[in-house]
>>> print(open('structure11.txt').read())   # compact mmCIF, C-alpha atoms
# COMPACT_ATOMS: atom_id res chain seq x y z
CA MET E 1 17.57 -18.73 -6.37
CA ASN E 2 15.91 -20.82 -3.66
CA SER E 3 14.48 -17.70 -2.05
CA LEU E 4 12.99 -16.57 -5.39
CA LEU E 5 11.44 -20.00 -5.90
CA LEU E 6 9.93 -19.95 -2.40
CA ALA E 7 8.61 -16.43 -2.96
CA GLY E 8 6.98 -17.60 -6.19
CA LEU E 9 5.43 -20.59 -4.46
CA LEU E 10 4.01 -18.39 -1.67
CA LEU E 11 2.56 -15.97 -4.22
CA LEU E 12 0.96 -18.88 -6.09
CA ALA E 13 -0.43 -20.27 -2.83
CA ALA E 14 -1.94 -16.88 -1.99
CA LEU E 15 -3.57 -16.63 -5.43
CA LEU E 16 -5.01 -20.13 -5.01
CA GLY E 17 -6.74 -19.07 -1.80
CA THR E 18 -4.41 -20.33 0.91
CA PRO E 19 -5.43 -18.73 4.26
CA LEU E 20 -3.67 -15.44 4.91
CA PHE E 21 -2.24 -16.52 8.28
CA VAL E 22 -0.42 -19.40 6.55
CA ILE E 23 1.19 -17.03 4.04
CA ILE E 24 2.19 -14.50 6.69
CA SER E 25 3.54 -17.19 9.03
CA SER E 26 5.56 -18.74 6.21
CA ILE E 27 7.07 -15.40 5.25
CA ALA E 28 8.01 -14.70 8.88
CA LEU E 29 9.58 -18.12 9.44
CA LEU E 30 11.50 -18.03 6.16
CA ALA E 31 12.71 -14.49 6.84
CA PHE E 32 14.03 -15.46 10.28
CA HIS E 33 15.63 -18.61 8.82
CA TYR E 34 17.54 -16.75 6.11
CA ALA E 35 18.57 -14.05 8.61
CA GLY E 36 20.04 -16.73 10.89
CA ILE E 37 17.70 -15.85 13.77
CA ASP E 38 16.32 -18.60 16.00
CA LEU E 39 12.70 -19.36 15.06
CA SER E 40 11.74 -19.27 18.74
CA ALA E 41 11.54 -15.47 18.28
CA VAL E 42 8.11 -16.00 16.69
CA ILE E 43 6.94 -18.04 19.70
CA VAL E 44 8.25 -15.37 22.08
CA GLU E 45 6.15 -12.81 20.19
CA LEU E 46 3.10 -15.05 20.44
CA TYR E 47 3.62 -15.40 24.19
CA ARG E 48 3.96 -11.64 24.57
CA MET E 49 0.67 -11.17 22.76
CA ALA E 50 -1.10 -13.85 24.79
CA SER E 51 0.01 -12.27 28.07
CA SER E 52 -1.50 -8.88 27.19
CA PRO E 53 -4.48 -8.13 29.49
CA ILE E 54 -6.26 -6.11 26.79
CA LEU E 55 -6.50 -9.24 24.61
CA ILE E 56 -9.47 -10.42 26.69
CA ALA E 57 -11.54 -7.50 25.35
CA ILE E 58 -11.54 -8.93 21.81
CA PRO E 59 -13.63 -12.10 22.41
CA LEU E 60 -15.94 -10.33 24.86
CA PHE E 61 -16.84 -7.43 22.54
CA THR E 62 -17.11 -9.84 19.59
CA PHE E 63 -19.54 -12.06 21.50
CA ALA E 64 -21.66 -9.03 22.44
CA GLY E 65 -21.75 -7.89 18.81
CA TYR E 66 -22.89 -11.31 17.58
CA LEU E 67 -25.64 -11.43 20.19
CA LEU E 68 -26.95 -8.05 19.05
CA ALA E 69 -26.80 -9.09 15.39
CA GLU E 70 -28.80 -12.27 16.08
CA SER E 71 -31.52 -10.49 18.07
CA GLN E 72 -34.10 -7.92 16.99
CA SER E 73 -31.75 -5.07 17.90
CA PRO E 74 -31.16 -4.06 14.24
CA ARG E 75 -34.90 -3.51 13.75
CA ARG E 76 -35.19 -1.49 16.95
CA LEU E 77 -32.22 0.73 16.05
CA VAL E 78 -33.70 1.41 12.62
CA ASN E 79 -37.04 2.33 14.21
CA VAL E 80 -35.33 4.79 16.57
CA SER E 81 -33.37 6.40 13.76
CA ARG E 82 -36.48 6.68 11.61
CA ALA E 83 -38.55 8.23 14.39
CA LEU E 84 -35.85 10.83 15.10
CA PHE E 85 -34.57 11.61 11.58
CA GLY E 86 -37.30 10.44 9.19
CA TRP E 87 -38.86 13.92 8.95
CA LEU E 88 -35.77 15.39 7.25
CA PRO E 89 -35.57 15.57 3.43
CA GLY E 90 -34.02 12.26 2.46
CA GLY E 91 -34.96 11.06 5.94
CA THR E 92 -34.84 7.34 5.17
CA ALA E 93 -31.40 7.75 3.60
CA ILE E 94 -30.18 9.51 6.76
CA VAL E 95 -31.77 6.75 8.85
CA THR E 96 -29.73 4.27 6.81
CA VAL E 97 -26.46 6.09 7.47
CA VAL E 98 -27.07 6.54 11.21
CA SER E 99 -28.33 2.99 11.75
CA CYS E 100 -25.38 1.45 9.92
CA ALA E 101 -22.89 3.54 11.92
CA ILE E 102 -24.38 2.55 15.28
CA PHE E 103 -24.70 -1.12 14.39
CA THR E 104 -21.19 -1.41 12.94
CA ALA E 105 -19.76 0.10 16.12
CA PHE E 106 -21.27 -2.78 18.11
CA THR E 107 -20.39 -5.61 15.72
CA GLY E 108 -16.99 -4.29 14.53
CA ALA E 109 -17.55 -5.80 11.08
CA SER E 110 -19.13 -4.04 8.12
CA GLY E 111 -20.16 -7.31 6.46
CA VAL E 112 -22.40 -8.13 9.41
CA THR E 113 -24.05 -4.71 9.10
CA ILE E 114 -24.83 -5.12 5.38
CA VAL E 115 -26.27 -8.58 5.96
CA ALA E 116 -28.21 -7.72 9.13
CA LEU E 117 -29.56 -4.27 8.14
CA GLY E 118 -29.66 -4.67 4.37
CA GLY E 119 -32.76 -6.83 4.51
CA LEU E 120 -34.54 -4.12 6.51
CA LEU E 121 -33.28 -0.95 4.85
CA PHE E 122 -33.03 -1.81 1.15
CA PRO E 123 -36.74 -2.75 0.74
CA MET E 124 -37.65 0.34 2.77
CA LEU E 125 -35.65 2.62 0.47
CA ILE E 126 -37.09 1.04 -2.68
CA ARG E 127 -40.63 1.18 -1.28
CA GLU E 128 -40.23 4.92 -0.69
CA LYS E 129 -39.10 5.45 -4.32
CA TYR E 130 -35.38 5.98 -3.71
CA PRO E 131 -33.45 5.08 -6.89
CA GLU E 132 -32.07 1.55 -6.74
CA LYS E 133 -28.53 2.59 -7.71
CA PHE E 134 -28.50 5.28 -5.00
CA SER E 135 -29.79 2.83 -2.38
CA LEU E 136 -27.26 0.16 -3.27
CA GLY E 137 -24.34 2.59 -3.17
CA MET E 138 -25.36 4.10 0.14
CA LEU E 139 -25.83 0.75 1.89
CA THR E 140 -22.53 -0.56 0.53
CA VAL E 141 -20.54 2.43 1.75
CA ALA E 142 -22.47 3.08 4.97
CA GLY E 143 -21.90 -0.56 5.95
CA SER E 144 -18.43 0.32 7.20
CA LEU E 145 -19.35 3.51 9.07
CA GLY E 146 -18.96 3.17 12.81
CA LEU E 147 -15.59 1.38 12.82
CA LEU E 148 -14.18 4.39 14.67
CA LEU E 149 -16.83 4.33 17.41
CA PRO E 150 -16.53 2.45 20.72
CA PRO E 151 -16.54 -0.46 21.28
CA SER E 152 -15.34 -1.17 17.72
CA LEU E 153 -13.07 -4.21 17.49
CA PRO E 154 -10.62 -2.66 14.95
CA ILE E 155 -9.85 0.16 17.40
CA ILE E 156 -9.01 -2.36 20.13
CA LEU E 157 -6.82 -4.32 17.75
CA TYR E 158 -5.05 -1.18 16.51
CA GLY E 159 -4.33 -0.11 20.08
CA LEU E 160 -3.01 -3.57 20.92
CA VAL E 161 -0.65 -3.68 17.92
CA SER E 162 0.51 -0.05 18.06
CA GLU E 163 0.65 0.16 21.88
CA VAL E 164 -1.49 3.30 21.79
CA SER E 165 -4.07 3.94 24.55
CA ILE E 166 -7.35 2.30 23.48
CA ASP E 167 -9.54 4.56 25.60
CA ARG E 168 -7.98 7.61 23.90
CA LEU E 169 -8.57 6.03 20.49
CA PHE E 170 -12.22 5.53 21.44
CA LEU E 171 -12.49 9.25 22.16
CA ALA E 172 -10.55 10.26 19.07
CA GLY E 173 -12.87 8.40 16.70
CA ILE E 174 -16.13 10.08 17.76
CA VAL E 175 -15.84 13.44 15.97
CA PRO E 176 -14.39 12.02 12.71
CA THR E 177 -17.31 9.58 12.55
CA LEU E 178 -19.77 12.43 13.08
CA VAL E 179 -18.05 14.34 10.25
CA MET E 180 -18.49 11.37 7.88
CA ILE E 181 -22.14 10.90 8.91
CA ALA E 182 -22.82 14.64 8.43
CA LEU E 183 -21.22 14.79 4.98
CA LEU E 184 -23.03 11.66 3.77
CA SER E 185 -26.32 13.00 5.15
CA ALA E 186 -25.76 16.36 3.42
CA TYR E 187 -25.08 14.57 0.14
CA ASN E 188 -28.25 12.49 0.59
CA ILE E 189 -30.34 15.61 1.20
CA HIS E 190 -28.82 17.31 -1.86
CA TYR E 191 -29.41 14.25 -4.06
CA VAL E 192 -33.10 13.78 -3.20
CA LYS E 193 -34.15 17.44 -3.00
CA ASP E 194 -35.82 17.37 -6.44
CA LEU E 195 -37.22 13.84 -6.21
CA HIS E 196 -40.12 14.74 -3.85
CA LEU E 197 -39.72 11.58 -1.83
CA PRO E 198 -41.96 10.86 1.17
CA THR E 199 -40.81 11.71 4.66
CA THR E 200 -41.96 10.45 8.05
CA PRO E 201 -43.54 13.28 10.09
CA PHE E 202 -41.99 13.70 13.51
CA ARG E 203 -44.40 12.68 16.24
CA TRP E 204 -43.41 12.71 19.89
CA LYS E 205 -45.58 9.70 20.64
CA GLU E 206 -43.88 7.55 17.97
CA ALA E 207 -40.41 8.80 18.89
CA LEU E 208 -40.93 8.00 22.56
CA ALA E 209 -42.37 4.59 21.67
CA ALA E 210 -39.33 3.76 19.51
CA LEU E 211 -36.97 4.95 22.23
CA TRP E 212 -38.82 2.89 24.82
CA GLU E 213 -38.70 -0.22 22.62
CA ALA E 214 -34.89 0.17 22.29
CA ARG E 215 -34.45 1.15 25.95
CA TRP E 216 -32.11 -1.77 26.63
CA GLU E 217 -29.75 -1.24 23.67
CA LEU E 218 -29.48 2.56 23.64
CA PRO E 219 -27.75 2.94 27.05
CA LEU E 220 -24.93 0.59 26.03
CA PRO E 221 -22.57 3.15 24.41
CA PHE E 222 -23.06 5.48 27.37
CA ILE E 223 -22.34 2.70 29.86
CA ILE E 224 -19.06 2.01 28.05
CA LEU E 225 -18.00 5.65 27.69
CA ILE E 226 -19.05 6.80 31.15
CA GLY E 227 -17.55 3.69 32.72
CA ILE E 228 -14.16 4.10 31.03
CA TYR E 229 -13.80 7.89 31.21
CA GLY E 230 -15.44 8.17 34.60
CA GLY E 231 -12.76 5.85 35.95
CA PHE E 232 -15.20 3.12 36.97
CA PHE E 233 -13.58 0.37 34.89
CA THR E 234 -10.88 -0.30 32.31
CA VAL E 235 -11.40 -1.19 28.64
CA THR E 236 -11.09 -4.90 29.47
CA GLU E 237 -13.61 -4.59 32.29
CA ALA E 238 -15.87 -2.59 29.94
CA ALA E 239 -15.79 -5.54 27.55
CA ALA E 240 -16.86 -7.89 30.34
CA VAL E 241 -19.65 -5.54 31.42
CA THR E 242 -20.84 -5.20 27.81
CA ALA E 243 -20.87 -8.94 27.15
CA PHE E 244 -22.71 -9.68 30.41
CA TYR E 245 -25.22 -6.84 29.86
CA VAL E 246 -26.04 -7.90 26.28
CA LEU E 247 -26.28 -11.57 27.27
CA VAL E 248 -28.76 -10.83 30.05
CA VAL E 249 -30.82 -8.42 27.91
CA GLU E 250 -31.07 -10.47 24.72
CA VAL E 251 -31.38 -13.93 26.29
CA PHE E 252 -33.29 -13.36 29.54
CA VAL E 253 -35.01 -9.95 29.26
CA GLN E 254 -35.95 -9.69 25.58
CA ARG E 255 -35.87 -13.51 25.18
CA GLU E 256 -34.93 -13.22 21.51
CA ILE E 257 -32.08 -15.74 21.67
CA HIS E 258 -32.95 -19.15 23.10
CA PRO E 259 -30.41 -20.16 25.76
CA ILE E 260 -30.40 -23.83 24.67
CA ARG E 261 -31.10 -23.87 20.92
CA GLU E 262 -29.39 -20.65 19.74
CA LEU E 263 -26.94 -19.33 22.33
CA PRO E 264 -24.33 -22.11 21.85
CA ARG E 265 -24.34 -21.47 18.08
CA VAL E 266 -23.83 -17.71 18.56
CA MET E 267 -20.97 -18.39 20.98
CA ARG E 268 -19.35 -20.82 18.56
CA GLU E 269 -19.62 -18.51 15.54
CA SER E 270 -18.28 -15.49 17.41
CA MET E 271 -15.31 -17.43 18.77
CA VAL E 272 -14.46 -18.79 15.31
CA LEU E 273 -14.00 -15.16 14.21
CA VAL E 274 -11.91 -14.42 17.31
CA GLY E 275 -9.77 -17.50 16.69
CA GLY E 276 -9.08 -16.37 13.13
CA ILE E 277 -8.11 -12.90 14.33
CA LEU E 278 -5.74 -14.26 16.98
CA VAL E 279 -4.03 -16.64 14.55
CA ILE E 280 -3.48 -13.82 12.03
CA LEU E 281 -2.34 -11.52 14.86
CA GLY E 282 0.27 -14.01 16.03
CA ALA E 283 1.58 -14.60 12.51
CA ALA E 284 1.64 -10.88 11.71
CA LEU E 285 3.47 -9.99 14.92
CA GLY E 286 6.13 -12.54 14.05
CA MET E 287 6.62 -10.92 10.65
CA ALA E 288 6.55 -7.43 12.17
CA ASN E 289 9.24 -8.52 14.63
CA TYR E 290 11.45 -9.57 11.73
CA MET E 291 10.86 -6.29 9.88
CA ILE E 292 11.90 -4.32 12.95
CA ASP E 293 15.00 -6.49 13.48
CA ALA E 294 15.93 -6.04 9.82
CA GLU E 295 15.38 -2.25 10.15
CA ILE E 296 13.00 -2.28 7.19
CA PRO E 297 10.96 0.71 8.48
CA MET E 298 14.19 2.69 8.85
CA ARG E 299 15.23 1.88 5.29
CA ILE E 300 11.82 2.95 3.98
CA LEU E 301 12.09 6.10 6.08
CA ALA E 302 15.48 6.92 4.57
CA VAL E 303 14.03 6.63 1.06
CA MET E 304 10.95 8.67 1.95
CA GLN E 305 12.99 11.44 3.58
CA LYS E 306 14.95 11.71 0.36
CA TYR E 307 11.87 12.30 -1.80
CA ILE E 308 9.22 13.52 0.67
CA THR E 309 10.13 16.82 2.23
CA SER E 310 7.08 17.76 4.29
CA LYS E 311 4.53 16.31 6.69
CA LEU E 312 1.67 17.31 4.37
CA MET E 313 3.16 15.38 1.46
CA PHE E 314 3.79 12.38 3.70
CA LEU E 315 0.15 12.35 4.84
CA LEU E 316 -1.06 12.50 1.24
CA MET E 317 1.16 9.56 0.21
CA LEU E 318 0.10 7.68 3.36
CA ASN E 319 -3.58 8.05 2.43
CA VAL E 320 -3.00 6.77 -1.10
CA PHE E 321 -1.06 3.78 0.25
CA LEU E 322 -3.65 2.95 2.91
CA LEU E 323 -6.58 3.20 0.51
CA VAL E 324 -4.89 0.56 -1.65
CA VAL E 325 -4.19 -1.58 1.43
CA GLY E 326 -7.79 -1.24 2.59
CA ALA E 327 -9.08 -2.40 -0.79
CA LEU E 328 -6.80 -5.45 -0.85
CA LEU E 329 -6.70 -6.72 2.76
CA ASP E 330 -9.34 -7.21 5.42
CA ILE E 331 -9.06 -4.64 8.19
CA PHE E 332 -7.67 -7.04 10.81
CA SER E 333 -4.86 -8.28 8.57
CA ALA E 334 -4.05 -4.74 7.44
CA ILE E 335 -3.77 -3.51 11.02
CA MET E 336 -1.45 -6.30 12.04
CA VAL E 337 0.79 -6.24 8.97
CA VAL E 338 1.02 -2.53 8.15
CA VAL E 339 0.88 -0.70 11.50
CA PRO E 340 4.34 -1.80 12.73
CA LEU E 341 5.73 -0.69 9.39
CA ILE E 342 4.28 2.82 9.21
CA LYS E 343 4.19 3.84 12.89
CA PRO E 344 7.92 4.75 13.24
CA ILE E 345 7.87 6.49 9.87
CA ALA E 346 4.84 8.60 10.83
CA GLU E 347 6.40 9.51 14.18
CA SER E 348 9.52 10.76 12.37
CA PHE E 349 7.30 13.20 10.45
CA GLY E 350 5.68 14.41 13.68
CA VAL E 351 2.30 12.70 13.27
CA ASP E 352 0.56 12.17 16.61
CA PRO E 353 0.16 8.39 17.26
CA ILE E 354 -3.54 8.78 18.07
CA HIS E 355 -4.16 10.92 14.99
CA LEU E 356 -2.29 8.32 12.94
CA GLY E 357 -4.62 5.62 14.26
CA ILE E 358 -7.71 7.54 13.17
CA ILE E 359 -6.21 8.25 9.73
CA PHE E 360 -5.28 4.59 9.39
CA LEU E 361 -8.71 3.24 10.36
CA THR E 362 -10.58 5.85 8.29
CA ASN E 363 -8.64 4.79 5.20
CA LEU E 364 -9.39 1.13 5.82
CA GLU E 365 -13.03 1.96 6.49
CA ILE E 366 -13.22 3.60 3.05
CA GLY E 367 -11.17 0.80 1.52
CA TYR E 368 -13.94 -1.67 2.40
CA ALA E 369 -16.02 -0.21 -0.45
CA THR E 370 -13.21 0.77 -2.84
CA PRO E 371 -13.12 -1.04 -6.24
CA PRO E 372 -11.97 -3.44 -7.47
CA VAL E 373 -11.80 -5.78 -4.45
CA GLY E 374 -13.28 -3.91 -1.46
CA ILE E 375 -15.03 -6.60 0.60
CA ASN E 376 -18.25 -4.56 1.07
CA LEU E 377 -18.78 -4.58 -2.70
CA PHE E 378 -18.81 -8.37 -2.82
CA ILE E 379 -20.93 -8.75 0.32
CA ALA E 380 -23.48 -6.25 -1.04
CA SER E 381 -23.46 -7.96 -4.45
CA PHE E 382 -24.24 -11.28 -2.75
CA ARG E 383 -26.77 -9.81 -0.28
CA PHE E 384 -28.76 -7.79 -2.83
CA LYS E 385 -28.18 -10.16 -5.80
CA ARG E 386 -26.82 -7.43 -8.06
CA PRO E 387 -23.79 -7.55 -10.43
CA ILE E 388 -20.53 -6.44 -8.86
CA LEU E 389 -19.95 -3.88 -11.65
CA LYS E 390 -23.23 -2.21 -10.73
CA LEU E 391 -22.00 -1.92 -7.14
CA TYR E 392 -18.78 -0.28 -8.38
CA THR E 393 -20.63 2.59 -10.06
CA ALA E 394 -23.27 2.84 -7.32
CA ALA E 395 -20.69 3.26 -4.55
CA LEU E 396 -18.51 5.83 -6.36
CA PRO E 397 -20.37 9.08 -5.41
CA PHE E 398 -20.47 8.07 -1.75
CA LEU E 399 -16.78 7.16 -1.80
CA LEU E 400 -15.97 10.64 -3.12
CA VAL E 401 -17.88 12.16 -0.19
CA LEU E 402 -15.92 10.03 2.26
CA LEU E 403 -12.65 11.02 0.58
CA VAL E 404 -13.52 14.66 1.34
CA ALA E 405 -14.10 13.61 4.97
CA LEU E 406 -10.74 11.78 4.92
CA LEU E 407 -8.92 14.94 3.82
CA LEU E 408 -10.57 16.92 6.63
CA ILE E 409 -9.66 14.24 9.19
CA THR E 410 -6.09 14.03 7.88
CA TYR E 411 -5.27 17.73 7.71
CA ILE E 412 -7.29 18.96 10.71
CA PRO E 413 -5.78 16.94 13.59
CA ASP E 414 -8.05 18.62 16.15
CA LEU E 415 -11.01 16.67 14.76
CA SER E 416 -9.34 13.59 16.23
CA LEU E 417 -7.46 15.10 19.15
CA ALA E 418 -9.80 17.75 20.62
CA LEU E 419 -11.80 15.34 22.79
CA VAL E 420 -8.64 13.49 23.81
CA GLN E 421 -7.01 16.73 24.94
CA TRP E 422 -10.17 17.82 26.71
CA PHE E 423 -10.33 14.61 28.77
CA ASN E 424 -6.53 14.39 29.10
CA PRO E 425 -5.30 18.01 29.32
CA ALA E 426 -1.77 16.86 30.17
CA ARG E 427 -1.38 15.91 26.49
>>> encode(input="structure11.txt", output="structure tokens")
Amino acid sequence: MNSLLLAGLLLLAALLGTPLFVIISSIALLAFHYAGIDLSAVIVELYRMASSPILIAIPLFTFAGYLLAESQSPRRLVNVSRALFGWLPGGTAIVTVVSCAIFTAFTGASGVTIVALGGLLFPMLIREKYPEKFSLGMLTVAGSLGLLLPPSLPIILYGLVSEVSIDRLFLAGIVPTLVMIALLSAYNIHYVKDLHLPTTPFRWKEALAALWEARWELPLPFIILIGIYGGFFTVTEAAAVTAFYVLVVEVFVQREIHPIRELPRVMRESMVLVGGILVILGAALGMANYMIDAEIPMRILAVMQKYITSKLMFLLMLNVFLLVVGALLDIFSAIMVVVPLIKPIAESFGVDPIHLGIIFLTNLEIGYATPPVGINLFIASFRFKRPILKLYTAALPFLLVLLVALLLITYIPDLSLALVQWFNPAR
């Protein structure tokens, strides 16, 4: 009876807006207490997390992303995309998709992309006579593209929690992201083909000028990829190189962030996000430790093996489950709570751990814009001052396109694993 009362109180606290880490920590501590396990097990898990070398990459990449968001980098990236892709039918729509994907990869948070790029791209789309509903839906959904590209923070966090190689996850996410960008771009071209919208003629002079203006930001992904896969530095060292490079460029070369007035604020805001992630991570690992001790994944596996007889059926049910999770939880909480639960089950069905990571993150990426509570919908509603119900209907066609991409990513493992196997033939 006491346990039911406590469960009810925790549910009420969650509904009243109590921070998620408090709820998760309480569940973990109560579970250990009722199981008769010393509560120091949670502290041991926290210590294990804190001693992980890869943990240093999280604050460094986050700081770099915040610096880019606070500078004029979003405008420069949009100009490059427009110069290169603006001549295509639906060129501005394609520019929107590509710009959002690149920017989200750097910041690791779709909300930042909608806020930072929305003010640039939404007026541009409206000015060029794109329908408002179409523009709203595309920006809402495209805001989460790029979460599979290096140096995305969710990939680092997934690798940390699942103990899967982060550099291989970086490789594995490239082709699936290109598939999503290609399908969204194809849909955009199909949608606008009869609207006779203006395009931006391709001119070498303008393209080279845009590339030159963004000459400091554009090499960054290549520095990371070449550095890691060329064996010059590890993921953690790549994070340090990225943070130092962006700091020097944005503060001292471009001089768009004042070192006295603005830099301390950017550092403080970025570390507040990191602190929140680490607190949730510690609480979630404690709960995951209990679930493993209580053999909860094994019990779920036994039930699933009774009713699910094939890998294909398991993957379908996994996608449905993860889409719901992605619509209800933020991506960091979902990674830390759900990954320890599903990883052993997926391995029993023969799903490659790296492929599982890409499936997992793709679902959560789509879940950001999935009604009724996908976080992108609320951020876009606030950013563009439009009713949330309008965002629901606007995002739906683009979500359907991404669901097609999800099926391709799920059932064609080589989309995720081909580059990994090419760079690591021993696999």
>>> closest_atom_pairs(input="structure11.txt", of="range 109-141 of chain E", to="range 78-87 of chain E", cutoff="10 Å", atoms="only C-alpha atoms", output="JSON lines")
{"residue": "E:Leu117", "atom": "CA", "partner": "E:Val78", "partner_atom": "CA", "distance": 8.3}
{"residue": "E:Leu120", "atom": "CA", "partner": "E:Val78", "partner_atom": "CA", "distance": 8.3}
{"residue": "E:Leu121", "atom": "CA", "partner": "E:Val78", "partner_atom": "CA", "distance": 8.1}
>>> write_last_selection(input="structure11.txt", atoms="C-alpha atoms", output="compact mmCIF listing (two decimals), keeping the file's coordinate frame")
# COMPACT_ATOMS: atom_id res chain seq x y z
CA LEU E 117 -29.56 -4.27 8.14
CA LEU E 120 -34.54 -4.12 6.51
CA LEU E 121 -33.28 -0.95 4.85
>>> closest_residue(input="structure11.txt", among="E:Asp167, E:Lys133, E:Ala240, E:Val97", to="Phe61 in chain E", atoms="only C-alpha atoms")
E:Ala240
>>> residues_near_point(input="structure11.txt", point="(-23.6, 1.4, 23.3)", cutoff="10 Å", atoms="all atoms listed in the file", output="ChimeraX atom specification")
/E:102-103,105-106,149-151,216-225,242
>>> write_last_selection(input="structure11.txt", atoms="C-alpha atoms", output="PDB file, in the coordinates of the input")
ATOM      1  CA  ILE E 102     -24.380   2.550  15.280  1.00  0.00           C
ATOM      2  CA  PHE E 103     -24.700  -1.120  14.390  1.00  0.00           C
ATOM      3  CA  ALA E 105     -19.760   0.100  16.120  1.00  0.00           C
ATOM      4  CA  PHE E 106     -21.270  -2.780  18.110  1.00  0.00           C
ATOM      5  CA  LEU E 149     -16.830   4.330  17.410  1.00  0.00           C
ATOM      6  CA  PRO E 150     -16.530   2.450  20.720  1.00  0.00           C
ATOM      7  CA  PRO E 151     -16.540  -0.460  21.280  1.00  0.00           C
ATOM      8  CA  TRP E 216     -32.110  -1.770  26.630  1.00  0.00           C
ATOM      9  CA  GLU E 217     -29.750  -1.240  23.670  1.00  0.00           C
ATOM     10  CA  LEU E 218     -29.480   2.560  23.640  1.00  0.00           C
ATOM     11  CA  PRO E 219     -27.750   2.940  27.050  1.00  0.00           C
ATOM     12  CA  LEU E 220     -24.930   0.590  26.030  1.00  0.00           C
ATOM     13  CA  PRO E 221     -22.570   3.150  24.410  1.00  0.00           C
ATOM     14  CA  PHE E 222     -23.060   5.480  27.370  1.00  0.00           C
ATOM     15  CA  ILE E 223     -22.340   2.700  29.860  1.00  0.00           C
ATOM     16  CA  ILE E 224     -19.060   2.010  28.050  1.00  0.00           C
ATOM     17  CA  LEU E 225     -18.000   5.650  27.690  1.00  0.00           C
ATOM     18  CA  THR E 242     -20.840  -5.200  27.810  1.00  0.00           C
TER      19      THR E 242
END
>>> closest_residue(input="structure11.txt", among="E:Ile228, E:Ala346, E:Val249, E:Met336", to="Arg215 in chain E", atoms="all atoms listed in the file")
E:Val249
>>> closest_residue(input="structure11.txt", among="E:Arg255, E:Arg168, E:Lys390, E:Lys343", to="Ile155 in chain E", atoms="only C-alpha atoms")
E:Arg168
>>> atom_distance(input="structure11.txt", atom1="CA of Lys129 in chain E", atom2="CA of Leu195 in chain E")
8.8 Å
>>> closest_residue(input="structure11.txt", among="E:Gly326, E:Gly143, E:Gly137, E:Gly173", to="Gly374 in chain E", atoms="only C-alpha atoms")
E:Gly326
>>> closest_residue(input="structure11.txt", among="E:Ile174, E:Ile358, E:Val351, E:Leu157", to="Ala334 in chain E", atoms="all atoms listed in the file")
E:Leu157
>>> atom_distance(input="structure11.txt", atom1="CA of Tyr392 in chain E", atom2="CA of Gly146 in chain E")
21.5 Å
>>> residues_near_point(input="structure11.txt", point="(-22.1, -2.7, 0.5)", cutoff="8 Å", atoms="only C-alpha atoms", output="PyMOL selection string")
chain E and resi 111+114+136-143+369+376-381+391+395
>>> atom_distance(input="structure11.txt", atom1="CA of Thr199 in chain E", atom2="CA of Ser185 in chain E")
14.6 Å
>>> closest_residue(input="structure11.txt", among="E:Leu147, E:Leu125, E:Ile345, E:Leu153", to="Lys311 in chain E", atoms="all atoms listed in the file")
E:Ile345
